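Here is the structure we will look at.
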Amino acid sequence: MTEFQDAWILPALIATPFIAGTLCWLVEKVNNRLPRWVALIGMIITFGMTLMLWQQGGFHGMSQQVLAPTAQLPWFAEFRRPWIDSFGISFHLALDGLSLLMVSLTALLGIMAVGCSWGEIQRRVGFFHLNLLWSLGGVIGVFLAIDLFLFFFFWEMMLVPIYFLIAIWGHNAIGGKTKEYAATKFFIYTQASGLIMLIGILILVIINYVNSGVLSFNYNDLLGTELGGWEYPIMLCFFIGFAVKLPVMPFHGWLPDAHAQAPTAGSVDLAGILIKTAAYGLIRFVLPLFPHASQEFAPIAMTLGAIGIFYGAWLAFAQTDIKRLLAYTSISHMGFVVLAIYAGTLISLQGLMVQMIAHGLSSAALFIMAGQLYERLHTRELPEMGGLWGQLRYYPPLLMFFCAALLGIPGTGNFIGEFLILLGAFEKYPLFVIVATFSLVWAGLYSLILIHRALFGEKKLPSIAIPAPALPRPGVLAAAAQTVAGNLKADRQRDMPKPNTVMVAKAASASYAKPSTSLDAGVYHDLEHHQNPQPLSSQAQDTATVTLKDLNKRELALLMILAIGLVWLGLFPQTILDISSHAMQWINNAYTYSEVVNFDTLSVPVAAAVGEVR
């Protein structure tokens with residue numbers, strides 16, 4: 001493994017999204033489209049730097065190497081500068097295989113988030129990308145910070161931009177809950193849990209100062225601190241802080257509302273990246289810093305995880321809003337994450353890495369597709385959908401693929417991750433594994449229900465009626481309908497494939513009766529500004545052909561990248577296992593205090609092909 005003693009690339013990974021986000025805000029006045037390109041270029045540069053680290057890390061074959069229980073922390077890139085010396089706080093960043101994989105996932109999904117919001121966000125575009133990229137920069141800081149004060153600084157920093165993303169660019173939900181309500185609920189939950197974690201950090205630092213006489217927030221200095229009876233309470237403070245963000249049932253209350261009301265890019269950020277910061281925190285800090293308390297707490301944590309697997313799957317099964325359904329699937333899948341973490345075996349931890357990356361890709365893809373569907377139909381209610389299989393060419397098969405990937409079909413990374421987690425946890429906790437395995441039946445049910453309601457069955461396109469106030473005298477309705485028909489014809493002459501047919505009224509009647517017709521509000525918005533629509537007369541109706549737009553090249557490219565990533569993970573997981581091997585072996589040693597077996601000698605059915613990263 002190549003070691004970088006003074007790796008400036010680490011602060012550059014954090015600074016690039018912050019600088020690009022600030023530029024997005026500044027150039028908004030010059031051109032409304034320019035912020036999109038600045039954000040995209042910024043995230044591509046960030047992702048390119050992670051690929052550079054992959055290439056220089058020399059990770060190939062590392063899963064065949066065994067770390068001794070006394071081995072040092074496996075950092076291969078580290079950056080440290082003084083910050084607040086009087087309190088023992090430094091700007092200390094470090095990177096190992098675990099951090100590299102999570103930063104790479106953040107950069108990739110950051111590109112996806114910018115791409116999926118390209119046509120959705122039309123107001124305050126620069127400020128939107130400022131918040132999006134600053135949240136991504138904060139997440140990268142969380143994955144790289146080793147000083148606990150710096151970690152908490154980035155942990156809190158990434159929350160504020162998410163609040164603005166939901167509160168300003170979100171959607172109001174049916175039933176009275178507003179986007180501001182969802183944003184506030186998310187902020188209160190995460191801030192309260194962050195405060196509890198801060199209390200645990202301060203107590204840990206104070207006890208270490210009393211024992212050693214050195215005031216330090218440095219991770220290396222805090223490892224192995226003798227905490228006595230304080231270890232369990234401090235561990236609980238850290239666990240609660242991470243459990244709310246993960247989320248673990250019953251700390252999940254903020255997630256469904258935040259997902260349902262967030263813009264598409266916000267949902268991608270939340271499901272694909274933010275909740276992974278909590279899993280990272282449990283692996284990086286809770287297990288090594290509090291090994292005895294974590295082992296004692298493991299049955300409780302795994303019980304909560306097993307309940308969450310069933311609870312999230314059952315509530316997903318009962319949802320009609322597609323984004324709320326996907327939100328509850330995240331709660332269910334995070335139960336597998338808790339199971340893998342507290343099982344603490346090398347196989348379960350390695351499976352956890354594959355699972356987190358695969359879940360990030362699949363959940364991001366499904367939230368992107370939910371946003372694409374909302375842009376076309378202006379509804380997220382599954383009972384109002386149907387019949388899309390015959391109307392769209394690319395959307396239905398991709399939706400079926402990502403739903404299958406989410407439930408863990410063989411050939412995708414989700415299958416490899418879940419299988420390794422269950423295999424690694426079975427020896428120590430067979431009962432929890434059996435319960436978790438039965439929950440996969442529910443995963444199949446809600447995935448099939450989502451596919452059936454959205455793609456098959458009777459066509460139920462939403463409609464909007466032309467309002468009566470627009471018909472004060474004969475001829476006005478005809479003029480309005482002719483204008484709409486002209487717009488539809490112009491749209492049809494551009495880039496549209498096979499058209500669908502909807503009724504557009506050309507009223508010849510001069511009476512001010514209650515006519516009836518409708519337009520496809522999910523495709524065209526010519527009449528969206530009308531309020532309180534009234535039914536119109538069915539007399540003398542003609543038909544105009546309109547098209548439900550299929551995926552364009554940009555949308556298709558985003559989804560294909562994510563699909564290729566999932567298949568690659570399913571066929572060639574060895575690359576991920578090699579990269580994370582040393583980090584997971586060290587964490588396994590710190591948690592169990594036992595010798596690590598050679599992962600390569602275990603009978604684990606992973607692909608024989610090895611992706612080489614040099």
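In the structure tokens, chains take letters A, B, ... by order of appearance, with residues numbered from 1 within each chain and ligands from 1 in the order shown.
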
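Residues surrounding Ser332 (chain A) within 8 Å are A:Gly308, A:Ile309, A:Phe310, A:Tyr311, A:Gly312, A:Ala313, A:Tyr328, A:Thr329, A:Gly335, A:Phe336 [only C-alpha atoms; sequence separation below 3 positions excluded].
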
Report as a Markdown table: every residue of region 261-287 of chain A with an atom at most 10 Å from region 361-370 of chain A, its closest pair of atoms, and their distance in Å to one decimal, counting only C-alpha atoms, with rows sorted by chain and ascending residue number.
```
| residue | atom | partner | partner_atom | distance |
| --- | --- | --- | --- | --- |
| A:Pro263 | CA | A:Phe367 | CA | 9.6 |
| A:Thr264 | CA | A:Ile368 | CA | 6.0 |
| A:Ala265 | CA | A:Ile368 | CA | 7.7 |
| A:Gly266 | CA | A:Phe367 | CA | 9.5 |
| A:Ser267 | CA | A:Phe367 | CA | 6.4 |
| A:Val268 | CA | A:Ala364 | CA | 4.8 |
| A:Asp269 | CA | A:Ala364 | CA | 7.9 |
| A:Leu270 | CA | A:Ala364 | CA | 8.9 |
| A:Ala271 | CA | A:Ser363 | CA | 6.4 |
| A:Gly272 | CA | A:Ala364 | CA | 5.4 |
| A:Ile273 | CA | A:Ala364 | CA | 9.0 |
```

Selection from above, N, CA, C and O atoms, as a PDB file, in the first residue's frame, can you write it?
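Result went into selection.pdb, see below:
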```
ATOM      1  N   PRO A 263     -36.816  17.471  -2.598  1.00  0.00           N
ATOM      2  CA  PRO A 263     -36.637  17.358  -4.052  1.00  0.00           C
ATOM      3  C   PRO A 263     -35.857  16.096  -4.375  1.00  0.00           C
ATOM      4  O   PRO A 263     -35.272  15.467  -3.485  1.00  0.00           O
ATOM      5  N   THR A 264     -35.829  15.731  -5.634  1.00  0.00           N
ATOM      6  CA  THR A 264     -35.188  14.468  -6.016  1.00  0.00           C
ATOM      7  C   THR A 264     -33.732  14.416  -5.582  1.00  0.00           C
ATOM      8  O   THR A 264     -33.263  13.422  -5.019  1.00  0.00           O
ATOM      9  N   ALA A 265     -32.983  15.490  -5.819  1.00  0.00           N
ATOM     10  CA  ALA A 265     -31.573  15.517  -5.432  1.00  0.00           C
ATOM     11  C   ALA A 265     -31.425  15.380  -3.920  1.00  0.00           C
ATOM     12  O   ALA A 265     -30.485  14.742  -3.434  1.00  0.00           O
ATOM     13  N   GLY A 266     -32.344  15.975  -3.153  1.00  0.00           N
ATOM     14  CA  GLY A 266     -32.304  15.845  -1.705  1.00  0.00           C
ATOM     15  C   GLY A 266     -32.539  14.415  -1.256  1.00  0.00           C
ATOM     16  O   GLY A 266     -31.889  13.926  -0.322  1.00  0.00           O
ATOM     17  N   SER A 267     -33.459  13.710  -1.924  1.00  0.00           N
ATOM     18  CA  SER A 267     -33.709  12.309  -1.581  1.00  0.00           C
ATOM     19  C   SER A 267     -32.510  11.440  -1.922  1.00  0.00           C
ATOM     20  O   SER A 267     -32.160  10.513  -1.171  1.00  0.00           O
ATOM     21  N   VAL A 268     -31.871  11.709  -3.061  1.00  0.00           N
ATOM     22  CA  VAL A 268     -30.660  10.979  -3.427  1.00  0.00           C
ATOM     23  C   VAL A 268     -29.586  11.198  -2.372  1.00  0.00           C
ATOM     24  O   VAL A 268     -28.890  10.261  -1.947  1.00  0.00           O
ATOM     25  N   ASP A 269     -29.447  12.438  -1.930  1.00  0.00           N
ATOM     26  CA  ASP A 269     -28.459  12.776  -0.904  1.00  0.00           C
ATOM     27  C   ASP A 269     -28.774  12.065   0.410  1.00  0.00           C
ATOM     28  O   ASP A 269     -27.895  11.469   1.050  1.00  0.00           O
ATOM     29  N   LEU A 270     -30.045  12.091   0.814  1.00  0.00           N
ATOM     30  CA  LEU A 270     -30.433  11.490   2.085  1.00  0.00           C
ATOM     31  C   LEU A 270     -30.270   9.965   2.074  1.00  0.00           C
ATOM     32  O   LEU A 270     -29.624   9.392   2.949  1.00  0.00           O
ATOM     33  N   ALA A 271     -30.871   9.310   1.069  1.00  0.00           N
ATOM     34  CA  ALA A 271     -30.892   7.842   1.056  1.00  0.00           C
ATOM     35  C   ALA A 271     -29.560   7.251   0.650  1.00  0.00           C
ATOM     36  O   ALA A 271     -29.132   6.229   1.195  1.00  0.00           O
ATOM     37  N   GLY A 272     -28.900   7.886  -0.325  1.00  0.00           N
ATOM     38  CA  GLY A 272     -27.688   7.295  -0.846  1.00  0.00           C
ATOM     39  C   GLY A 272     -26.452   7.589  -0.035  1.00  0.00           C
ATOM     40  O   GLY A 272     -25.504   6.792  -0.033  1.00  0.00           O
ATOM     41  N   ILE A 273     -26.435   8.739   0.677  1.00  0.00           N
ATOM     42  CA  ILE A 273     -25.187   9.187   1.294  1.00  0.00           C
ATOM     43  C   ILE A 273     -25.338   9.465   2.786  1.00  0.00           C
ATOM     44  O   ILE A 273     -24.595   8.922   3.613  1.00  0.00           O
TER      45      ILE A 273
END
```

Near Ser63 (chain A), within 9 Å and counting only C-alpha atoms, which residues show up once chain neighbours fewer than 2 positions away are dropped, as a PyMOL selection string?
chain A and resi 59-61+65-66+574+577-582+598-600

Could you save the residues just selected, with all heavy atoms, as a compact mmCIF listing (two decimals), in the first residue's frame?
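Ended up saving to again-v2.txt:
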```
# COMPACT_ATOMS: atom_id res chain seq x y z
N PHE A 59 -4.32 -1.64 -3.92
CA PHE A 59 -5.18 -2.46 -3.06
C PHE A 59 -5.31 -3.91 -3.53
O PHE A 59 -5.83 -4.74 -2.80
CB PHE A 59 -6.59 -1.86 -2.99
CG PHE A 59 -6.64 -0.51 -2.33
CD1 PHE A 59 -6.74 0.65 -3.09
CD2 PHE A 59 -6.57 -0.40 -0.96
CE1 PHE A 59 -6.78 1.89 -2.47
CE2 PHE A 59 -6.62 0.82 -0.34
CZ PHE A 59 -6.73 1.98 -1.10
N HIS A 60 -4.87 -4.21 -4.74
CA HIS A 60 -5.12 -5.54 -5.30
C HIS A 60 -4.52 -6.64 -4.42
O HIS A 60 -3.34 -6.60 -4.05
CB HIS A 60 -4.52 -5.62 -6.71
CG HIS A 60 -4.64 -6.98 -7.32
ND1 HIS A 60 -5.84 -7.64 -7.44
CD2 HIS A 60 -3.70 -7.81 -7.85
CE1 HIS A 60 -5.65 -8.79 -8.01
NE2 HIS A 60 -4.36 -8.93 -8.27
N GLY A 61 -5.36 -7.62 -4.06
CA GLY A 61 -4.88 -8.76 -3.28
C GLY A 61 -4.81 -8.55 -1.79
O GLY A 61 -4.35 -9.43 -1.06
N GLN A 65 -4.15 -10.73 2.70
CA GLN A 65 -3.19 -10.39 3.73
C GLN A 65 -3.89 -10.32 5.08
O GLN A 65 -5.03 -9.87 5.18
CB GLN A 65 -2.52 -9.05 3.42
CG GLN A 65 -1.83 -9.00 2.07
CD GLN A 65 -1.34 -7.62 1.72
OE1 GLN A 65 -1.35 -6.72 2.56
NE2 GLN A 65 -0.89 -7.44 0.49
N VAL A 66 -3.19 -10.74 6.13
CA VAL A 66 -3.78 -10.77 7.46
C VAL A 66 -3.08 -9.75 8.35
O VAL A 66 -1.85 -9.73 8.44
CB VAL A 66 -3.66 -12.18 8.09
CG1 VAL A 66 -4.25 -12.19 9.49
CG2 VAL A 66 -4.36 -13.21 7.21
N GLN A 574 -14.84 -8.57 -5.58
CA GLN A 574 -13.53 -8.71 -4.96
C GLN A 574 -12.78 -7.39 -4.89
O GLN A 574 -11.99 -7.17 -3.96
CB GLN A 574 -12.70 -9.73 -5.75
CG GLN A 574 -11.42 -10.16 -5.06
CD GLN A 574 -11.69 -10.88 -3.74
OE1 GLN A 574 -12.54 -11.77 -3.69
NE2 GLN A 574 -11.00 -10.49 -2.69
N LEU A 577 -13.87 -5.79 -1.75
CA LEU A 577 -13.35 -6.55 -0.61
C LEU A 577 -11.86 -6.31 -0.40
O LEU A 577 -11.39 -6.25 0.73
CB LEU A 577 -13.62 -8.05 -0.81
CG LEU A 577 -15.09 -8.47 -0.98
CD1 LEU A 577 -15.19 -9.97 -1.18
CD2 LEU A 577 -15.93 -8.02 0.20
N ASP A 578 -11.12 -6.16 -1.50
CA ASP A 578 -9.69 -5.86 -1.38
C ASP A 578 -9.46 -4.49 -0.76
O ASP A 578 -8.61 -4.32 0.11
CB ASP A 578 -9.02 -5.92 -2.76
CG ASP A 578 -8.76 -7.35 -3.22
OD1 ASP A 578 -8.76 -8.25 -2.36
OD2 ASP A 578 -8.56 -7.56 -4.43
N ILE A 579 -10.20 -3.50 -1.23
CA ILE A 579 -9.99 -2.13 -0.77
C ILE A 579 -10.31 -2.00 0.72
O ILE A 579 -9.59 -1.36 1.48
CB ILE A 579 -10.83 -1.14 -1.59
CG1 ILE A 579 -10.33 -1.11 -3.04
CG2 ILE A 579 -10.77 0.27 -0.99
CD1 ILE A 579 -11.19 -0.28 -3.96
N SER A 580 -11.39 -2.62 1.15
CA SER A 580 -11.83 -2.45 2.55
C SER A 580 -11.20 -3.45 3.50
O SER A 580 -11.40 -3.35 4.72
CB SER A 580 -13.35 -2.57 2.63
OG SER A 580 -13.77 -3.87 2.24
N SER A 581 -10.40 -4.39 2.99
CA SER A 581 -9.94 -5.51 3.81
C SER A 581 -9.15 -5.07 5.04
O SER A 581 -9.48 -5.46 6.17
CB SER A 581 -9.09 -6.45 2.96
OG SER A 581 -8.55 -7.49 3.75
N HIS A 582 -8.10 -4.27 4.86
CA HIS A 582 -7.27 -3.89 6.00
C HIS A 582 -8.05 -3.08 7.03
O HIS A 582 -7.89 -3.29 8.25
CB HIS A 582 -6.06 -3.10 5.51
CG HIS A 582 -4.97 -3.98 4.98
ND1 HIS A 582 -3.71 -3.52 4.70
CD2 HIS A 582 -4.95 -5.31 4.67
CE1 HIS A 582 -2.96 -4.51 4.25
NE2 HIS A 582 -3.69 -5.60 4.22
N ASN A 598 -7.79 -15.57 7.58
CA ASN A 598 -7.56 -15.13 6.20
C ASN A 598 -8.87 -15.21 5.44
O ASN A 598 -9.44 -16.28 5.26
CB ASN A 598 -6.51 -16.02 5.53
CG ASN A 598 -6.04 -15.44 4.20
OD1 ASN A 598 -6.80 -14.75 3.53
ND2 ASN A 598 -4.80 -15.73 3.85
N PHE A 599 -9.36 -14.08 5.00
CA PHE A 599 -10.66 -14.02 4.32
C PHE A 599 -10.66 -14.89 3.07
O PHE A 599 -11.68 -15.46 2.68
CB PHE A 599 -10.98 -12.58 3.97
CG PHE A 599 -12.35 -12.38 3.40
CD1 PHE A 599 -13.47 -12.34 4.23
CD2 PHE A 599 -12.56 -12.25 2.05
CE1 PHE A 599 -14.73 -12.16 3.72
CE2 PHE A 599 -13.83 -12.08 1.54
CZ PHE A 599 -14.91 -12.02 2.36
N ASP A 600 -9.51 -15.00 2.43
CA ASP A 600 -9.44 -15.73 1.16
C ASP A 600 -9.65 -17.23 1.36
O ASP A 600 -9.99 -17.94 0.42
CB ASP A 600 -8.09 -15.47 0.49
CG ASP A 600 -8.03 -16.01 -0.93
OD1 ASP A 600 -8.91 -15.61 -1.72
OD2 ASP A 600 -7.14 -16.82 -1.23
```

Computed interatomic separation between CA of Ala404 (chain A) and CA of Leu392 (chain A) (Å)
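CA of Leu392 (chain A) lies at a distance of 19.1 Å from CA of Ala404 (chain A).
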
Out of A:Pro299, A:Gly137, A:Gly413, A:Pro11, which residue has the shortest atom-to-atom distance to Arg81 (chain A) when counting only C-alpha atoms?
A:Pro11

Pick the closest to Leu382 (chain A) from A:Lys276, A:Gly424, A:Ala340, A:His452: which is it, counting only C-alpha atoms?
A:His452

Among the residues A:Ala557, A:Ala293, A:Ala183, A:Leu148, the one that comes closest to Ile234 (chain A) [using only C-alpha atoms]:
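Selected residue with least distance to Ile234 (chain A): A:Ala293.
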
Sort by chain and increasing residue number a table of all residues of region 92-141 of chain A within 12 Å of region 14-25 of chain A, each with its closest pair of atoms and their distance in Å to one decimal, counting only C-alpha atoms, and write it as a Markdown table.
```
| residue | atom | partner | partner_atom | distance |
| --- | --- | --- | --- | --- |
| A:Leu93 | CA | A:Ile14 | CA | 10.2 |
| A:Val103 | CA | A:Ile14 | CA | 9.7 |
| A:Thr106 | CA | A:Pro17 | CA | 11.0 |
| A:Ala107 | CA | A:Pro17 | CA | 9.3 |
| A:Gly110 | CA | A:Pro17 | CA | 9.4 |
| A:Ile111 | CA | A:Pro17 | CA | 11.0 |
| A:Val114 | CA | A:Gly21 | CA | 11.3 |
| A:Arg124 | CA | A:Trp25 | CA | 8.8 |
| A:Val125 | CA | A:Trp25 | CA | 7.9 |
| A:Gly126 | CA | A:Trp25 | CA | 4.2 |
| A:Phe127 | CA | A:Trp25 | CA | 5.2 |
| A:Phe128 | CA | A:Trp25 | CA | 8.1 |
| A:His129 | CA | A:Gly21 | CA | 5.9 |
| A:Leu130 | CA | A:Gly21 | CA | 4.0 |
| A:Asn131 | CA | A:Gly21 | CA | 7.1 |
| A:Leu132 | CA | A:Gly21 | CA | 7.6 |
| A:Leu133 | CA | A:Pro17 | CA | 5.2 |
| A:Trp134 | CA | A:Phe18 | CA | 5.3 |
| A:Ser135 | CA | A:Pro17 | CA | 8.6 |
| A:Leu136 | CA | A:Pro17 | CA | 6.8 |
| A:Gly137 | CA | A:Ile14 | CA | 5.2 |
| A:Gly138 | CA | A:Ile14 | CA | 7.4 |
| A:Val139 | CA | A:Ile14 | CA | 8.6 |
| A:Ile140 | CA | A:Ile14 | CA | 5.9 |
| A:Gly141 | CA | A:Ile14 | CA | 5.9 |
```

Please provide the set of residues having any atom within 7 Å of Gly351 (chain A), restricted to only C-alpha atoms, with same-chain residues fewer than 5 positions apart removed, written as a PyMOL selection string.
chain A and resi 417-418+420-421

Mind dumping the selected residues with all heavy atoms as a PDB file, in the first residue's frame?
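Saved to result.pdb:
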```pdb
ATOM      1  N   GLY A 417     -23.941  -8.347  -0.869  1.00  0.00           N
ATOM      2  CA  GLY A 417     -23.851  -7.723   0.440  1.00  0.00           C
ATOM      3  C   GLY A 417     -24.718  -8.412   1.475  1.00  0.00           C
ATOM      4  O   GLY A 417     -24.252  -8.735   2.586  1.00  0.00           O
ATOM      5  N   GLU A 418     -25.990  -8.667   1.137  1.00  0.00           N
ATOM      6  CA  GLU A 418     -26.890  -9.299   2.095  1.00  0.00           C
ATOM      7  C   GLU A 418     -26.450 -10.733   2.410  1.00  0.00           C
ATOM      8  O   GLU A 418     -26.532 -11.174   3.561  1.00  0.00           O
ATOM      9  CB  GLU A 418     -28.317  -9.283   1.547  1.00  0.00           C
ATOM     10  CG  GLU A 418     -28.926  -7.879   1.495  1.00  0.00           C
ATOM     11  CD  GLU A 418     -30.329  -7.883   0.935  1.00  0.00           C
ATOM     12  OE1 GLU A 418     -30.833  -8.987   0.610  1.00  0.00           O
ATOM     13  OE2 GLU A 418     -30.925  -6.798   0.806  1.00  0.00           O
ATOM     14  N   LEU A 420     -23.373 -12.012   2.339  1.00  0.00           N
ATOM     15  CA  LEU A 420     -22.197 -11.999   3.206  1.00  0.00           C
ATOM     16  C   LEU A 420     -22.563 -11.579   4.632  1.00  0.00           C
ATOM     17  O   LEU A 420     -22.018 -12.104   5.608  1.00  0.00           O
ATOM     18  CB  LEU A 420     -21.136 -11.057   2.635  1.00  0.00           C
ATOM     19  CG  LEU A 420     -20.427 -11.504   1.361  1.00  0.00           C
ATOM     20  CD1 LEU A 420     -19.442 -10.444   0.896  1.00  0.00           C
ATOM     21  CD2 LEU A 420     -19.709 -12.831   1.574  1.00  0.00           C
ATOM     22  N   ILE A 421     -23.490 -10.629   4.766  1.00  0.00           N
ATOM     23  CA  ILE A 421     -23.919 -10.202   6.100  1.00  0.00           C
ATOM     24  C   ILE A 421     -24.576 -11.356   6.844  1.00  0.00           C
ATOM     25  O   ILE A 421     -24.256 -11.645   8.009  1.00  0.00           O
ATOM     26  CB  ILE A 421     -24.880  -9.000   5.993  1.00  0.00           C
ATOM     27  CG1 ILE A 421     -24.125  -7.740   5.568  1.00  0.00           C
ATOM     28  CG2 ILE A 421     -25.585  -8.752   7.333  1.00  0.00           C
ATOM     29  CD1 ILE A 421     -25.021  -6.559   5.253  1.00  0.00           C
TER      30      ILE A 421
END
```

Closest to Arg554 (chain A) among A:Trp118, A:Phe154, A:Leu95, A:Trp8, using only C-alpha atoms?
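Once distances to Arg554 (chain A) are computed over only C-alpha atoms, the minimum belongs to A:Trp118.
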
Please identify the alpha helix (DSSP H) residues within region 89-312 of chain A (assignment by DSSP from backbone atoms) and present them as a VMD selection string.
chain A and resid 97 to 116 125 to 144 148 to 157 159 to 169 179 to 212 219 to 222 231 to 245 254 to 261 264 to 269 275 to 281 287 to 289 291 to 312

Could you give me, as a count of residues only, the residues within 10 Å of Arg393 (chain A), counting only C-alpha atoms and dropping anything in the same chain fewer than 2 positions from it?
13

Run DSSP on the backbone and give me the residues of region 125-355 of chain A it puts in strand (DSSP E or B), as a list of chain:residue names.
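The residues of region 125-355 of chain A classed as strand (DSSP E or B) are A:Ala145, A:Asp147, A:Asn218, A:Asp321.
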